[in-house]
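Raw input-v3.tsv, TSV, C-alpha atoms (C1' of nucleotides):
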```tsv
chain	number	residue	atom	x	y	z
A	1	MET	CA	-0.38	143.10	-49.53
A	2	PRO	CA	-0.39	144.51	-52.92
A	3	GLU	CA	0.97	147.66	-54.43
A	4	LEU	CA	2.67	147.61	-57.81
A	5	PRO	CA	5.83	145.77	-56.67
A	6	GLU	CA	3.84	143.06	-54.91
A	7	VAL	CA	1.45	142.62	-57.84
A	8	GLU	CA	4.39	142.38	-60.23
A	9	THR	CA	6.00	139.81	-57.92
A	10	VAL	CA	2.79	137.79	-57.92
A	11	ARG	CA	2.64	138.03	-61.70
A	12	ARG	CA	6.15	136.65	-62.03
A	13	GLY	CA	5.33	133.88	-59.59
A	14	LEU	CA	2.17	132.80	-61.41
A	15	GLU	CA	3.55	133.09	-64.93
A	16	PRO	CA	5.49	129.81	-65.13
A	17	ALA	CA	2.57	127.78	-63.78
A	18	LEU	CA	-0.14	129.52	-65.79
A	19	VAL	CA	1.10	130.62	-69.19
A	20	GLY	CA	0.79	128.10	-71.97
A	21	THR	CA	-1.46	125.94	-69.83
A	22	THR	CA	-5.15	125.14	-70.14
A	23	ILE	CA	-7.48	125.80	-67.26
A	24	THR	CA	-9.08	122.43	-66.67
A	25	SER	CA	-11.66	123.57	-64.16
A	26	VAL	CA	-12.40	126.39	-61.76
A	27	GLU	CA	-13.94	125.99	-58.34
A	28	GLN	CA	-15.68	129.21	-57.40
A	29	ARG	CA	-16.49	128.86	-53.73
A	30	ARG	CA	-18.70	131.91	-53.22
A	31	ALA	CA	-20.85	134.19	-55.35
A	32	ASP	CA	-18.88	137.35	-54.82
A	33	LEU	CA	-15.70	138.95	-53.57
A	34	ARG	CA	-15.86	142.72	-53.56
A	35	PHE	CA	-18.25	142.43	-56.52
A	36	PRO	CA	-20.25	139.47	-57.82
A	37	PHE	CA	-18.32	137.17	-60.15
A	38	PRO	CA	-19.49	137.47	-63.77
A	39	GLU	CA	-22.23	135.12	-64.99
A	40	ASN	CA	-20.98	131.58	-65.60
A	41	PHE	CA	-17.50	132.58	-64.45
A	42	ALA	CA	-16.17	129.07	-63.86
A	43	ARG	CA	-17.77	127.65	-67.01
A	44	ARG	CA	-16.37	130.43	-69.19
A	45	LEU	CA	-12.84	129.73	-67.91
A	46	ALA	CA	-12.93	125.96	-68.25
A	47	GLY	CA	-11.00	124.76	-71.29
A	48	ARG	CA	-9.38	128.12	-71.99
A	49	ARG	CA	-5.62	128.33	-72.48
A	50	VAL	CA	-3.69	131.16	-70.83
A	51	ASP	CA	-1.60	132.84	-73.52
A	52	ALA	CA	0.02	135.53	-71.39
A	53	LEU	CA	-0.09	137.01	-67.93
A	54	GLY	CA	0.32	140.78	-67.80
A	55	ARG	CA	-0.06	143.60	-65.33
A	56	ARG	CA	-1.59	147.07	-65.59
A	57	ALA	CA	-1.42	149.23	-62.46
A	58	LYS	CA	-2.38	146.84	-59.65
A	59	TYR	CA	-4.36	144.53	-61.95
A	60	LEU	CA	-3.28	141.12	-63.18
A	61	LEU	CA	-4.43	140.37	-66.73
A	62	ALA	CA	-4.58	136.79	-67.99
A	63	ASP	CA	-5.02	136.62	-71.77
A	64	LEU	CA	-7.25	133.69	-72.67
A	65	ASP	CA	-7.42	131.95	-76.04
A	66	GLY	CA	-11.14	132.57	-76.34
A	67	GLY	CA	-10.61	136.33	-76.64
A	68	ASP	CA	-11.43	137.26	-73.07
A	69	VAL	CA	-9.06	138.70	-70.51
A	70	LEU	CA	-9.34	137.48	-66.93
A	71	VAL	CA	-8.91	140.63	-64.85
A	72	MET	CA	-7.86	140.14	-61.24
A	73	HIS	CA	-7.34	142.65	-58.43
A	74	LEU	CA	-5.97	141.61	-55.04
A	75	GLY	CA	-7.52	144.37	-52.94
A	76	MET	CA	-5.85	144.54	-49.53
A	77	THR	CA	-5.48	140.87	-48.63
A	78	GLY	CA	-5.69	138.90	-51.89
A	79	ARG	CA	-3.05	136.17	-52.30
A	80	PHE	CA	-2.31	133.51	-54.84
A	81	THR	CA	-0.66	130.22	-53.97
A	82	VAL	CA	0.79	127.91	-56.62
A	83	ILE	CA	0.62	124.26	-55.67
A	84	PRO	CA	2.88	121.95	-57.70
A	85	PRO	CA	1.50	118.64	-59.00
A	86	ALA	CA	3.30	116.51	-56.42
A	87	GLY	CA	6.43	116.34	-54.36
A	88	PRO	CA	7.30	116.86	-50.74
A	89	ALA	CA	5.81	119.79	-48.92
A	90	THR	CA	8.45	122.40	-48.27
A	91	THR	CA	6.57	125.39	-46.90
A	92	PRO	CA	3.71	125.79	-44.47
A	93	GLY	CA	1.45	126.95	-47.31
A	94	GLU	CA	2.19	123.96	-49.50
A	95	PHE	CA	1.91	121.58	-46.62
A	96	HIS	CA	-1.49	122.88	-45.79
A	97	HIS	CA	-2.83	122.56	-49.30
A	98	GLU	CA	-1.20	119.25	-50.11
A	99	ALA	CA	-2.57	117.87	-46.92
A	100	GLY	CA	-5.80	117.97	-48.86
A	101	GLY	CA	-8.06	120.70	-47.58
A	102	LEU	CA	-8.67	124.28	-48.47
A	103	ALA	CA	-7.99	126.99	-45.94
A	104	ALA	CA	-10.39	129.59	-44.65
A	105	HIS	CA	-10.94	132.33	-47.22
A	106	ASP	CA	-9.77	130.21	-50.15
A	107	HIS	CA	-12.33	131.55	-52.61
A	108	VAL	CA	-11.23	130.40	-56.07
A	109	VAL	CA	-9.33	127.26	-57.11
A	110	PHE	CA	-7.89	127.01	-60.63
A	111	ARG	CA	-6.99	123.47	-61.70
A	112	LEU	CA	-4.59	123.43	-64.59
A	113	GLY	CA	-3.78	120.98	-67.37
A	114	ASN	CA	-0.15	120.78	-66.30
A	115	GLY	CA	-1.15	119.42	-62.90
A	116	PHE	CA	-0.61	122.66	-61.03
A	117	THR	CA	-3.29	124.20	-58.86
A	118	VAL	CA	-3.60	127.92	-58.21
A	119	VAL	CA	-5.59	129.05	-55.17
A	120	TYR	CA	-6.87	132.56	-54.55
A	121	ASN	CA	-7.30	133.50	-50.88
A	122	ASP	CA	-8.66	136.84	-49.71
A	123	VAL	CA	-9.58	137.43	-46.07
A	124	ARG	CA	-11.24	140.80	-46.47
A	125	ARG	CA	-12.59	140.19	-49.97
A	126	PHE	CA	-11.66	143.63	-51.29
A	127	GLY	CA	-10.23	141.91	-54.36
A	128	PHE	CA	-12.27	140.86	-57.37
A	129	MET	CA	-12.16	139.04	-60.70
A	130	THR	CA	-13.96	139.71	-63.92
A	131	LEU	CA	-13.86	138.80	-67.61
A	132	VAL	CA	-13.50	141.45	-70.30
A	133	PRO	CA	-13.25	140.94	-74.08
A	134	ARG	CA	-9.72	141.90	-75.07
A	135	GLY	CA	-10.86	144.52	-77.55
A	136	GLN	CA	-12.87	146.30	-74.87
A	137	LEU	CA	-10.13	146.37	-72.26
A	138	ALA	CA	-8.71	149.84	-72.97
A	139	GLU	CA	-12.12	151.49	-72.83
A	140	HIS	CA	-13.43	149.42	-69.93
A	141	PRO	CA	-14.43	151.55	-66.90
A	142	LEU	CA	-11.70	149.90	-64.81
A	143	PHE	CA	-8.95	150.93	-67.21
A	144	ARG	CA	-10.19	153.93	-69.16
A	145	ALA	CA	-8.92	156.44	-66.63
A	146	ILE	CA	-5.87	154.61	-65.24
A	147	GLY	CA	-2.76	156.77	-65.17
A	148	VAL	CA	0.82	156.36	-66.34
A	149	GLU	CA	2.80	153.20	-65.58
A	150	PRO	CA	5.68	154.45	-63.44
A	151	LEU	CA	8.12	151.74	-64.51
A	152	GLY	CA	7.82	152.56	-68.21
A	153	ASN	CA	9.74	155.39	-69.82
A	154	GLU	CA	7.00	158.01	-69.74
A	155	LEU	CA	7.09	159.21	-66.15
A	156	ASP	CA	9.49	162.12	-65.97
A	157	ALA	CA	9.57	165.54	-64.34
A	158	ALA	CA	7.56	167.21	-67.10
A	159	LEU	CA	4.78	164.63	-67.11
A	160	LEU	CA	4.55	164.51	-63.31
A	161	ALA	CA	4.36	168.30	-63.13
A	162	SER	CA	1.61	168.42	-65.74
A	163	LEU	CA	-0.37	165.77	-63.85
A	164	MET	CA	-0.11	167.72	-60.59
A	165	ALA	CA	-0.58	171.20	-62.02
A	166	GLY	CA	-3.49	173.03	-60.45
A	167	LYS	CA	-4.27	170.33	-57.91
A	168	GLN	CA	-5.32	171.66	-54.51
A	169	THR	CA	-4.83	168.39	-52.70
A	170	PRO	CA	-1.87	167.17	-50.64
A	171	LEU	CA	0.84	165.32	-52.55
A	172	LYS	CA	0.09	162.20	-50.53
A	173	ALA	CA	-3.49	162.06	-51.78
A	174	ALA	CA	-2.55	162.93	-55.35
A	175	LEU	CA	0.00	160.12	-55.53
A	176	LEU	CA	-2.57	157.61	-54.27
A	177	ASP	CA	-4.88	158.63	-57.13
A	178	GLN	CA	-4.60	155.77	-59.63
A	179	THR	CA	-5.79	158.00	-62.48
A	180	LEU	CA	-2.61	160.08	-62.23
A	181	VAL	CA	0.21	157.61	-61.54
A	182	ALA	CA	-0.76	153.92	-61.56
A	183	GLY	CA	0.34	151.41	-58.98
A	184	LEU	CA	1.42	153.45	-55.98
A	185	GLY	CA	-0.13	152.71	-52.59
A	186	ASN	CA	0.33	153.82	-49.02
A	187	ILE	CA	3.80	152.36	-48.49
A	188	TYR	CA	5.53	153.45	-51.65
A	189	VAL	CA	4.01	156.93	-51.60
A	190	CYS	CA	5.50	157.48	-48.15
A	191	GLU	CA	8.84	156.06	-49.27
A	192	ALA	CA	9.00	158.05	-52.51
A	193	LEU	CA	8.14	161.33	-50.76
A	194	HIS	CA	10.88	160.77	-48.21
A	195	ARG	CA	13.44	160.01	-50.89
A	196	ALA	CA	12.41	163.17	-52.74
A	197	ARG	CA	12.51	165.19	-49.48
A	198	LEU	CA	8.96	166.41	-50.09
A	199	SER	CA	6.29	166.83	-47.44
A	200	PRO	CA	3.21	164.66	-47.91
A	201	ARG	CA	1.21	167.76	-46.88
A	202	ARG	CA	2.59	169.97	-49.63
A	203	MET	CA	-0.02	170.89	-52.24
A	204	ALA	CA	0.35	168.78	-55.38
A	205	GLY	CA	0.08	171.84	-57.62
A	206	THR	CA	3.38	173.19	-56.29
A	207	LEU	CA	5.27	170.67	-58.44
A	208	ALA	CA	4.47	172.77	-61.49
A	209	THR	CA	5.64	176.28	-62.27
A	210	LYS	CA	3.12	178.97	-63.19
A	211	ALA	CA	3.75	178.13	-66.82
A	212	GLY	CA	3.04	174.49	-66.06
A	213	GLY	CA	6.62	173.30	-66.35
A	214	PRO	CA	8.42	171.05	-63.89
A	215	THR	CA	10.06	172.28	-60.71
A	216	ALA	CA	13.18	170.69	-59.27
A	217	ALA	CA	10.89	168.96	-56.78
A	218	ALA	CA	8.96	167.32	-59.63
A	219	GLY	CA	12.21	165.94	-60.99
A	220	ARG	CA	13.23	164.54	-57.63
A	221	LEU	CA	9.83	162.95	-57.09
A	222	ALA	CA	9.65	161.35	-60.53
A	223	THR	CA	13.07	159.82	-59.95
A	224	ALA	CA	12.20	158.70	-56.42
A	225	ILE	CA	9.00	156.98	-57.55
A	226	ARG	CA	10.75	155.07	-60.29
A	227	GLU	CA	13.67	154.09	-58.10
A	228	VAL	CA	11.72	152.93	-55.08
A	229	LEU	CA	9.36	150.84	-57.21
A	230	ALA	CA	12.18	149.29	-59.20
A	231	GLU	CA	14.11	148.42	-56.05
A	232	ALA	CA	11.02	146.92	-54.46
A	233	VAL	CA	10.27	144.76	-57.51
A	234	GLU	CA	13.88	143.62	-57.45
A	235	ALA	CA	13.43	142.66	-53.78
A	236	GLY	CA	10.28	140.66	-54.46
A	237	GLY	CA	7.99	143.26	-52.89
A	238	SER	CA	7.35	143.83	-49.20
A	239	THR	CA	6.05	141.24	-46.77
A	240	LEU	CA	4.14	142.81	-43.88
A	241	ARG	CA	1.78	140.29	-42.41
A	242	ASP	CA	2.06	137.20	-44.57
A	243	TYR	CA	3.71	135.56	-47.53
A	244	ALA	CA	3.98	137.78	-50.56
A	245	GLN	CA	4.89	135.36	-53.30
A	246	PRO	CA	2.88	132.57	-54.91
A	247	ASP	CA	5.61	130.01	-54.12
A	248	GLY	CA	5.45	130.91	-50.44
A	249	GLY	CA	8.67	132.93	-50.57
A	250	LEU	CA	9.02	136.22	-48.76
A	251	GLY	CA	9.58	139.63	-50.22
A	252	TYR	CA	12.20	141.52	-48.30
A	253	PHE	CA	11.81	145.19	-49.24
A	254	GLN	CA	10.20	145.87	-45.86
A	255	HIS	CA	13.70	145.84	-44.38
A	256	ARG	CA	14.56	148.80	-46.57
A	257	PHE	CA	11.64	151.03	-45.57
A	258	ARG	CA	12.99	154.42	-44.60
A	259	VAL	CA	9.84	155.79	-42.97
A	260	TYR	CA	6.86	153.46	-43.43
A	261	ASP	CA	5.84	151.96	-40.07
A	262	ARG	CA	8.87	153.59	-38.43
A	263	GLU	CA	7.15	156.15	-36.20
A	264	SER	CA	9.47	157.66	-33.57
A	265	GLU	CA	12.61	156.26	-35.19
A	266	PRO	CA	15.40	158.61	-36.28
A	267	CYS	CA	15.10	159.94	-39.80
A	268	PRO	CA	17.47	157.91	-42.00
A	269	THR	CA	18.49	160.91	-44.10
A	270	PRO	CA	22.21	161.44	-43.42
A	271	GLY	CA	22.75	164.44	-41.17
A	272	CYS	CA	19.04	165.19	-40.80
A	273	GLY	CA	18.61	164.42	-37.11
A	274	GLY	CA	14.81	164.50	-37.36
A	275	THR	CA	12.33	161.90	-36.17
A	276	VAL	CA	9.86	159.96	-38.26
A	277	GLN	CA	6.30	160.88	-37.36
A	278	ARG	CA	2.93	159.43	-38.20
A	279	ILE	CA	0.00	161.59	-39.22
A	280	VAL	CA	-3.37	160.72	-40.73
A	281	GLN	CA	-4.27	161.96	-44.20
A	282	SER	CA	-7.54	161.05	-45.86
A	283	GLY	CA	-8.06	158.44	-43.20
A	284	ARG	CA	-4.76	156.64	-43.73
A	285	SER	CA	-1.40	156.67	-42.00
A	286	THR	CA	1.37	158.80	-43.44
A	287	PHE	CA	4.93	158.40	-42.19
A	288	PHE	CA	7.42	161.20	-42.83
A	289	CYS	CA	10.12	163.43	-41.41
A	290	ALA	CA	8.97	167.02	-41.01
A	291	ARG	CA	12.58	168.18	-40.83
A	292	CYS	CA	13.93	167.09	-44.20
A	293	GLN	CA	10.68	166.71	-46.10
A	294	ARG	CA	9.44	170.13	-47.18
B	1	DA	C1'	-16.71	169.25	-60.28
B	2	DA	C1'	-12.73	168.61	-57.43
B	3	DG	C1'	-11.72	166.85	-53.18
B	4	DA	C1'	-12.80	164.50	-48.88
B	5	DA	C1'	-15.49	161.16	-46.23
B	6	DC	C1'	-17.60	156.85	-46.02
B	7	DT	C1'	-17.97	152.09	-47.10
B	8	DC	C1'	-17.11	147.20	-47.96
B	9	DC	C1'	-14.84	142.86	-44.75
B	10	DT	C1'	-12.10	140.14	-41.32
B	11	DG	C1'	-8.29	139.76	-38.32
B	12	DT	C1'	-4.69	141.57	-35.25
B	13	DT	C1'	-2.87	144.61	-31.90
B	14	DG	C1'	-2.28	147.70	-28.18
B	15	DG	C1'	-4.15	150.20	-24.30
B	16	DC	C1'	-6.90	150.00	-20.26
C	1	DT	C1'	-7.10	137.71	-18.82
C	2	DG	C1'	-10.74	140.27	-21.22
C	3	DC	C1'	-12.72	143.89	-23.83
C	4	DC	C1'	-12.79	147.13	-27.35
C	5	DA	C1'	-11.25	150.82	-30.25
C	6	DA	C1'	-8.01	151.56	-33.73
C	7	DC	C1'	-5.83	149.99	-37.57
C	8	DA	C1'	-4.32	147.14	-41.83
C	9	DG	C1'	-0.82	146.91	-48.47
C	10	DG	C1'	-7.43	149.48	-51.93
C	11	DA	C1'	-10.64	152.00	-54.25
C	12	DG	C1'	-15.71	152.65	-55.76
C	13	DT	C1'	-19.57	155.43	-54.16
C	14	DT	C1'	-21.52	159.19	-51.95
C	15	DC	C1'	-21.23	163.47	-49.71
C	16	DT	C1'	-19.86	168.58	-49.70
```
Encoded form using structure tokens:
Amino acid sequence: MPELPEVETVRRGLEPALVGTTITSVEQRRADLRFPFPENFARRLAGRRVDALGRRAKYLLADLDGGDVLVMHLGMTGRFTVIPPAGPATTPGEFHHEAGGLAAHDHVVFRLGNGFTVVYNDVRRFGFMTLVPRGQLAEHPLFRAIGVEPLGNELDAALLASLMAGKQTPLKAALLDQTLVAGLGNIYVCEALHRARLSPRRMAGTLATKAGGPTAAAGRLATAIREVLAEAVEAGGSTLRDYAQPDGGLGYFQHRFRVYDRESEPCPTPGCGGTVQRIVQSGRSTFFCARCQR
DNA sequence: AAGAACTCCTGTTGGC
DNA sequence: TGCCAACAGGAGTTCT
């Protein structure tokens, strides 16, 4: 499920259960996800207090009192569920867990000092967890090359143009590159390009002038990226195939998709009259309107 | 050395 | 109904 808005939604859902609480014990139910867990993973977490829960790009970062940061990535199908200490079951997810058992693909169970339980489930196991000393985080291979956070104040026309300058790759591929802009994925790239009226096939380098400055297109795209991500965070992310939020609640931004998964539907741009089409770029679906996106 | 293809894994869906 | 190829919110590794 997770692009930046979904990861941020998960972060906000986990924060009240996790921050300020001690991890009593961790049940690690297999040796690896996408990568092996670090040595003594469960033992190193036991007894640690979570001081903060942050996000960088699509990573969740739990600051632990021992000086380590628990780094978590959800891959394609990673999900967290927060299970309250007691009380009546109110959602299918809670009911299942409170009924006692763990579900298929529940790989990690965090038991917390406040009585809450946090379960990590990941069908395809493209997610992973690792521990990194806080002081080494910035230079860690996972983070050293990560690009600009699009919801901060840095991403503007000039920066976007400079990032794209000289690139001989389609805009779609460039925007999926986490070392340029952090946190975008297949959905929000399609949505941002439509809002900016830019073709996903256009070469990324065309966002910069010969002198390297921003074009009008760069300005539109920077604005579109920031707006679509902010709106999606506000909506609790997008729910495509399952629950998006740790409390079992649904995100609802999927109802506001303009092109993603809308092949053959009319282009929503007022007065356009085009039709949304699906093409494949670098092995992944792109949805766009060839009429208004140039 | 940038850019594209391949790979990991499981589950669902749509066409025949 | 069954079978099977295509596809799914990601990204590190390996090729050209």
- Identify every residue of chain A that has at least one atom within 7 Å of any atom of chain B, counting only C-alpha atoms (C1' of nucleotides), and report the result as a ChimeraX atom specification. /A:123-125,282
Grab the residues selected above and save them as a short mmCIF file (atom, residue, chain, number, x, y, z; two decimals), keeping the file's coordinate frame with C-alpha atoms.
```
data_model
loop_
_atom_site.label_atom_id
_atom_site.label_comp_id
_atom_site.auth_asym_id
_atom_site.auth_seq_id
_atom_site.Cartn_x
_atom_site.Cartn_y
_atom_site.Cartn_z
CA VAL A 123 -9.58 137.43 -46.07
CA ARG A 124 -11.24 140.80 -46.47
CA ARG A 125 -12.59 140.19 -49.97
CA SER A 282 -7.54 161.05 -45.86
#
```
Chain A near chain C within 9 Å: what's each residue's closest atom pair and its distance in Å to one decimal, counting all atoms listed in the file, ordered by chain then ascending residue number, as CSV?
```
residue,atom,partner,partner_atom,distance
A:Met1,CA,C:DG9,C1',4.0
A:Pro2,CA,C:DG9,C1',5.1
A:Glu3,CA,C:DG9,C1',6.3
A:Glu6,CA,C:DG9,C1',8.8
A:Leu74,CA,C:DG10,C1',8.6
A:Gly75,CA,C:DG10,C1',5.2
A:Met76,CA,C:DG9,C1',5.7
A:Thr77,CA,C:DG9,C1',7.6
A:Phe126,CA,C:DG10,C1',7.2
A:Gly127,CA,C:DG10,C1',8.4
A:Gln178,CA,C:DA11,C1',8.9
A:Gly185,CA,C:DG9,C1',7.1
A:Asn186,CA,C:DG9,C1',7.0
A:Ile187,CA,C:DG9,C1',7.1
A:Ser238,CA,C:DG9,C1',8.8
A:Leu240,CA,C:DG9,C1',7.9
```
Given 6 Å on each side, where is the centre and what are the edge lengths in Å to one decimal of the axis-aligned box enclosing the listed atoms of chain C, as JSON?
```
{"center_x": -11.2, "center_y": 153.1, "center_z": -37.3, "size_x": 32.7, "size_y": 42.9, "size_z": 48.9}
```
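Pairwise distance (atom CA of A:Phe110, atom CA of A:Gly66) equals 17.0 Å.
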- With distances taken over all atoms listed in the file, which of A:Ser264, A:Thr81, A:Glu231, A:Leu160 is nearest to A:Ala216? A:Leu160
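With atom CA of A:Asp32 on one side and atom CA of A:Phe80 on the other, the separation reads 17.0 Å.
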- Taking only C-alpha atoms into account, which of A:Pro38, A:Pro268, A:Gly147, A:Gly152 comes nearest A:Leu175? A:Gly147
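The environment of A:Gly13 within 12 Å, counting all atoms listed in the file and disregarding residues fewer than 3 places along the same chain, consists of Glu6, Val7, Glu8, Thr9, Val10, Pro16, Ala17, Leu18, Val19, Leu53, Gly54, Leu60, Arg79, Phe80, Thr81, Val82, Ile83, Val118, Gly236, Gly237, Ala244, Gln245, Pro246, Asp247, Gly248, Gly249, Leu250 and Gly251 of chain A.
Distance-wise, atom CA of A:Thr130 and atom CA of A:Leu61 end up 10.0 Å apart.
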- Could you name the residues that touch A:Thr24 at 7 Å or less, counting only C-alpha atoms (C1' of nucleotides), but leaving out those on the same chain fewer than 5 positions away, as a ChimeraX atom specification? /A:46-47,111-113
Residue selection dump (C-alpha atoms) as a PDB file, keeping the file's coordinate frame:
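Final output, result23.pdb:
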```pdb
ATOM      1  CA  ALA A  46     -12.930 125.960 -68.250  1.00  0.00           C
ATOM      2  CA  GLY A  47     -11.000 124.760 -71.290  1.00  0.00           C
ATOM      3  CA  ARG A 111      -6.990 123.470 -61.700  1.00  0.00           C
ATOM      4  CA  LEU A 112      -4.590 123.430 -64.590  1.00  0.00           C
ATOM      5  CA  GLY A 113      -3.780 120.980 -67.370  1.00  0.00           C
TER       6      GLY A 113
END
```
- Write out as number ranges by chain each polymer residue whose atoms come within 7 Å of A:Thr275, counting all atoms listed in the file; drop sequence neighbours fewer than 6 positions from it. A: 264-267, 289
